[in-house]
>>> print(open('run29.pdb').read())   # PDB, C-alpha atoms
ATOM      1  CA  MET A1415      26.943  -0.049   5.926  1.00  0.00           C
ATOM      2  CA  SER A1416      25.217  -0.607   2.578  1.00  0.00           C
ATOM      3  CA  ASP A1417      23.580   2.198   0.633  1.00  0.00           C
ATOM      4  CA  HIS A1418      20.175   0.722   1.455  1.00  0.00           C
ATOM      5  CA  GLN A1419      20.896   0.695   5.183  1.00  0.00           C
ATOM      6  CA  LEU A1420      22.303   4.238   5.069  1.00  0.00           C
ATOM      7  CA  TYR A1421      19.215   5.598   3.300  1.00  0.00           C
ATOM      8  CA  LEU A1422      16.910   3.588   5.561  1.00  0.00           C
ATOM      9  CA  SER A1423      18.585   5.175   8.581  1.00  0.00           C
ATOM     10  CA  GLN A1424      18.173   8.670   7.137  1.00  0.00           C
ATOM     11  CA  ILE A1425      14.539   8.030   6.196  1.00  0.00           C
ATOM     12  CA  ALA A1426      13.833   6.520   9.626  1.00  0.00           C
ATOM     13  CA  ASP A1427      15.062   9.773  11.199  1.00  0.00           C
ATOM     14  CA  VAL A1428      12.655  11.745   8.984  1.00  0.00           C
ATOM     15  CA  ILE A1429       9.773   9.401   9.848  1.00  0.00           C
ATOM     16  CA  ARG A1430      10.483   9.607  13.576  1.00  0.00           C
ATOM     17  CA  GLU A1431      10.567  13.404  13.385  1.00  0.00           C
ATOM     18  CA  LEU A1432       7.361  13.684  11.355  1.00  0.00           C
ATOM     19  CA  PHE A1433       5.486  10.990  13.281  1.00  0.00           C
ATOM     20  CA  ASP A1434       6.854  11.775  16.722  1.00  0.00           C
ATOM     21  CA  GLU A1435       4.384   9.453  18.438  1.00  0.00           C
ATOM     22  CA  TYR A1436       5.523   6.411  16.426  1.00  0.00           C
ATOM     23  CA  ASP A1437       8.149   4.320  18.173  1.00  0.00           C
ATOM     24  CA  GLY A1438       7.693   1.036  16.310  1.00  0.00           C
ATOM     25  CA  PRO A1439      10.172  -0.607  13.968  1.00  0.00           C
ATOM     26  CA  ILE A1440      11.157   0.987  10.678  1.00  0.00           C
ATOM     27  CA  THR A1441      12.390  -1.536   8.128  1.00  0.00           C
ATOM     28  CA  LEU A1442      12.561  -1.939   4.367  1.00  0.00           C
ATOM     29  CA  GLU A1443       9.126  -3.582   4.599  1.00  0.00           C
ATOM     30  CA  THR A1444       7.495  -0.652   6.476  1.00  0.00           C
ATOM     31  CA  THR A1445       4.396   0.816   4.823  1.00  0.00           C
ATOM     32  CA  ALA A1446       1.928   3.560   5.704  1.00  0.00           C
ATOM     33  CA  ARG A1447      -0.315   0.877   7.229  1.00  0.00           C
ATOM     34  CA  ASP A1448       2.323   0.291   9.910  1.00  0.00           C
ATOM     35  CA  VAL A1449       2.304   3.896  11.194  1.00  0.00           C
ATOM     36  CA  PRO A1450      -1.060   5.069  12.583  1.00  0.00           C
ATOM     37  CA  GLN A1451      -0.450   8.775  11.825  1.00  0.00           C
ATOM     38  CA  TRP A1452       0.657   8.127   8.204  1.00  0.00           C
ATOM     39  CA  ASP A1453      -2.288   9.295   6.098  1.00  0.00           C
ATOM     40  CA  SER A1454      -2.465  10.746   2.586  1.00  0.00           C
ATOM     41  CA  LEU A1455      -1.635  14.307   3.651  1.00  0.00           C
ATOM     42  CA  SER A1456       1.296  13.249   5.804  1.00  0.00           C
ATOM     43  CA  ASN A1457       2.493  11.053   2.918  1.00  0.00           C
ATOM     44  CA  VAL A1458       2.924  14.178   0.801  1.00  0.00           C
ATOM     45  CA  ARG A1459       4.809  15.890   3.630  1.00  0.00           C
ATOM     46  CA  LEU A1460       6.964  12.797   4.144  1.00  0.00           C
ATOM     47  CA  MET A1461       7.896  12.565   0.464  1.00  0.00           C
ATOM     48  CA  VAL A1462       8.861  16.257   0.391  1.00  0.00           C
ATOM     49  CA  LEU A1463      11.004  15.845   3.511  1.00  0.00           C
ATOM     50  CA  ILE A1464      12.691  12.736   2.096  1.00  0.00           C
ATOM     51  CA  GLU A1465      13.363  14.498  -1.206  1.00  0.00           C
ATOM     52  CA  GLN A1466      14.938  17.403   0.676  1.00  0.00           C
ATOM     53  CA  GLU A1467      16.952  15.171   3.018  1.00  0.00           C
ATOM     54  CA  LEU A1468      18.333  12.963   0.246  1.00  0.00           C
ATOM     55  CA  ALA A1469      18.483  15.579  -2.547  1.00  0.00           C
ATOM     56  CA  VAL A1470      16.321  13.564  -4.951  1.00  0.00           C
ATOM     57  CA  ARG A1471      13.037  14.162  -6.764  1.00  0.00           C
ATOM     58  CA  PHE A1472      10.285  11.649  -7.451  1.00  0.00           C
ATOM     59  CA  SER A1473       7.442  11.843  -9.956  1.00  0.00           C
ATOM     60  CA  THR A1474       3.883  11.398  -8.757  1.00  0.00           C
ATOM     61  CA  ALA A1475       3.746   8.059 -10.559  1.00  0.00           C
ATOM     62  CA  GLU A1476       6.861   6.880  -8.727  1.00  0.00           C
ATOM     63  CA  VAL A1477       5.459   7.876  -5.335  1.00  0.00           C
ATOM     64  CA  GLN A1478       2.200   6.079  -6.092  1.00  0.00           C
ATOM     65  CA  GLY A1479       4.164   2.975  -7.077  1.00  0.00           C
ATOM     66  CA  PHE A1480       6.195   2.633  -3.882  1.00  0.00           C
ATOM     67  CA  LYS A1481       5.042  -0.568  -2.152  1.00  0.00           C
ATOM     68  CA  ASN A1482       7.139  -0.033   0.990  1.00  0.00           C
ATOM     69  CA  LEU A1483      10.255   1.793   2.157  1.00  0.00           C
ATOM     70  CA  GLY A1484      12.388  -0.782   0.359  1.00  0.00           C
ATOM     71  CA  SER A1485      10.985   0.165  -3.040  1.00  0.00           C
ATOM     72  CA  LEU A1486      11.398   3.863  -2.206  1.00  0.00           C
ATOM     73  CA  ILE A1487      15.026   3.247  -1.242  1.00  0.00           C
ATOM     74  CA  ASP A1488      15.591   1.220  -4.428  1.00  0.00           C
ATOM     75  CA  ALA A1489      14.507   4.336  -6.360  1.00  0.00           C
ATOM     76  CA  VAL A1490      16.847   6.529  -4.290  1.00  0.00           C
ATOM     77  CA  VAL A1491      19.813   4.211  -4.906  1.00  0.00           C
ATOM     78  CA  LYS A1492      19.068   4.150  -8.639  1.00  0.00           C
ATOM     79  CA  ARG A1493      18.842   7.962  -8.753  1.00  0.00           C
ATOM     80  CA  LYS A1494      22.065   8.429  -6.817  1.00  0.00           C
ATOM     81  CA  GLN A1495      23.926   6.015  -9.106  1.00  0.00           C
ATOM     82  CA  ASN A1496      22.771   8.003 -12.144  1.00  0.00           C
ATOM     83  CA  GLN A1497      23.812  11.407 -10.766  1.00  0.00           C
TER      84      GLN A1497
END
>>> encode(input="run29.pdb", output="structure tokens")
Amino acid sequence: MSDHQLYLSQIADVIRELFDEYDGPITLETTARDVPQWDSLSNVRLMVLIEQELAVRFSTAEVQGFKNLGSLIDAVVKRKQNQ
């Protein structure tokens, strides 16, 4: 399993726990538009949960720049390689 797939799996678990009513697909292309319950407040909660789960920290600018889960995971992989 690649790093991207591993982190996607971990993030999918967090998303499914936070948005317990969402049972749709979670892919590298998934965005907040794909999950009905994913609003600005839940985005903050989601980012905090992901940071805790993966032991990483993101700046506000980074979070605002994520286009989809793939770009978030790219940032995670880069952080983990630099640790």
>>> atom_distance(input="run29.pdb", atom1="CA of Asp1434 (chain A)", atom2="CA of Lys1492 (chain A)")
29.2 Å
>>> atom_distance(input="run29.pdb", atom1="CA of Gln1497 (chain A)", atom2="CA of Thr1445 (chain A)")
27.1 Å
>>> atom_distance(input="run29.pdb", atom1="CA of Tyr1436 (chain A)", atom2="CA of Val1449 (chain A)")
6.6 Å
>>> resolve_selection(input="run29.pdb", expression="the PyMOL selection byres ((chain A and resi 1480-1482) around 8)", output="list in words")
Leu1442, Glu1443, Thr1444, Thr1445, Ala1446, Glu1476, Val1477, Gln1478, Gly1479, Leu1483, Gly1484, Ser1485 and Leu1486 of chain A
>>> resolve_selection(input="run29.pdb", expression="the PyMOL selection byres ((chain A and resi 1461) around 10)", output="PyMOL selection string")
chain A and resi 1425+1428+1456-1460+1462-1467+1471-1472+1477+1486
>>> closest_residue(input="run29.pdb", among="A:Ala1426, A:Ala1475, A:Ala1469, A:Val1490", to="Ile1440 (chain A)", atoms="all atoms listed in the file")
A:Ala1426
>>> closest_residue(input="run29.pdb", among="A:Leu1432, A:Leu1455, A:Leu1422, A:Val1470", to="Gln1495 (chain A)", atoms="only C-alpha atoms")
A:Val1470
>>> residues_around(input="run29.pdb", residues="Val1491 (chain A)", least_positions_apart="4", cutoff="9 Å", atoms="only C-alpha atoms", output="count of residues only")
7
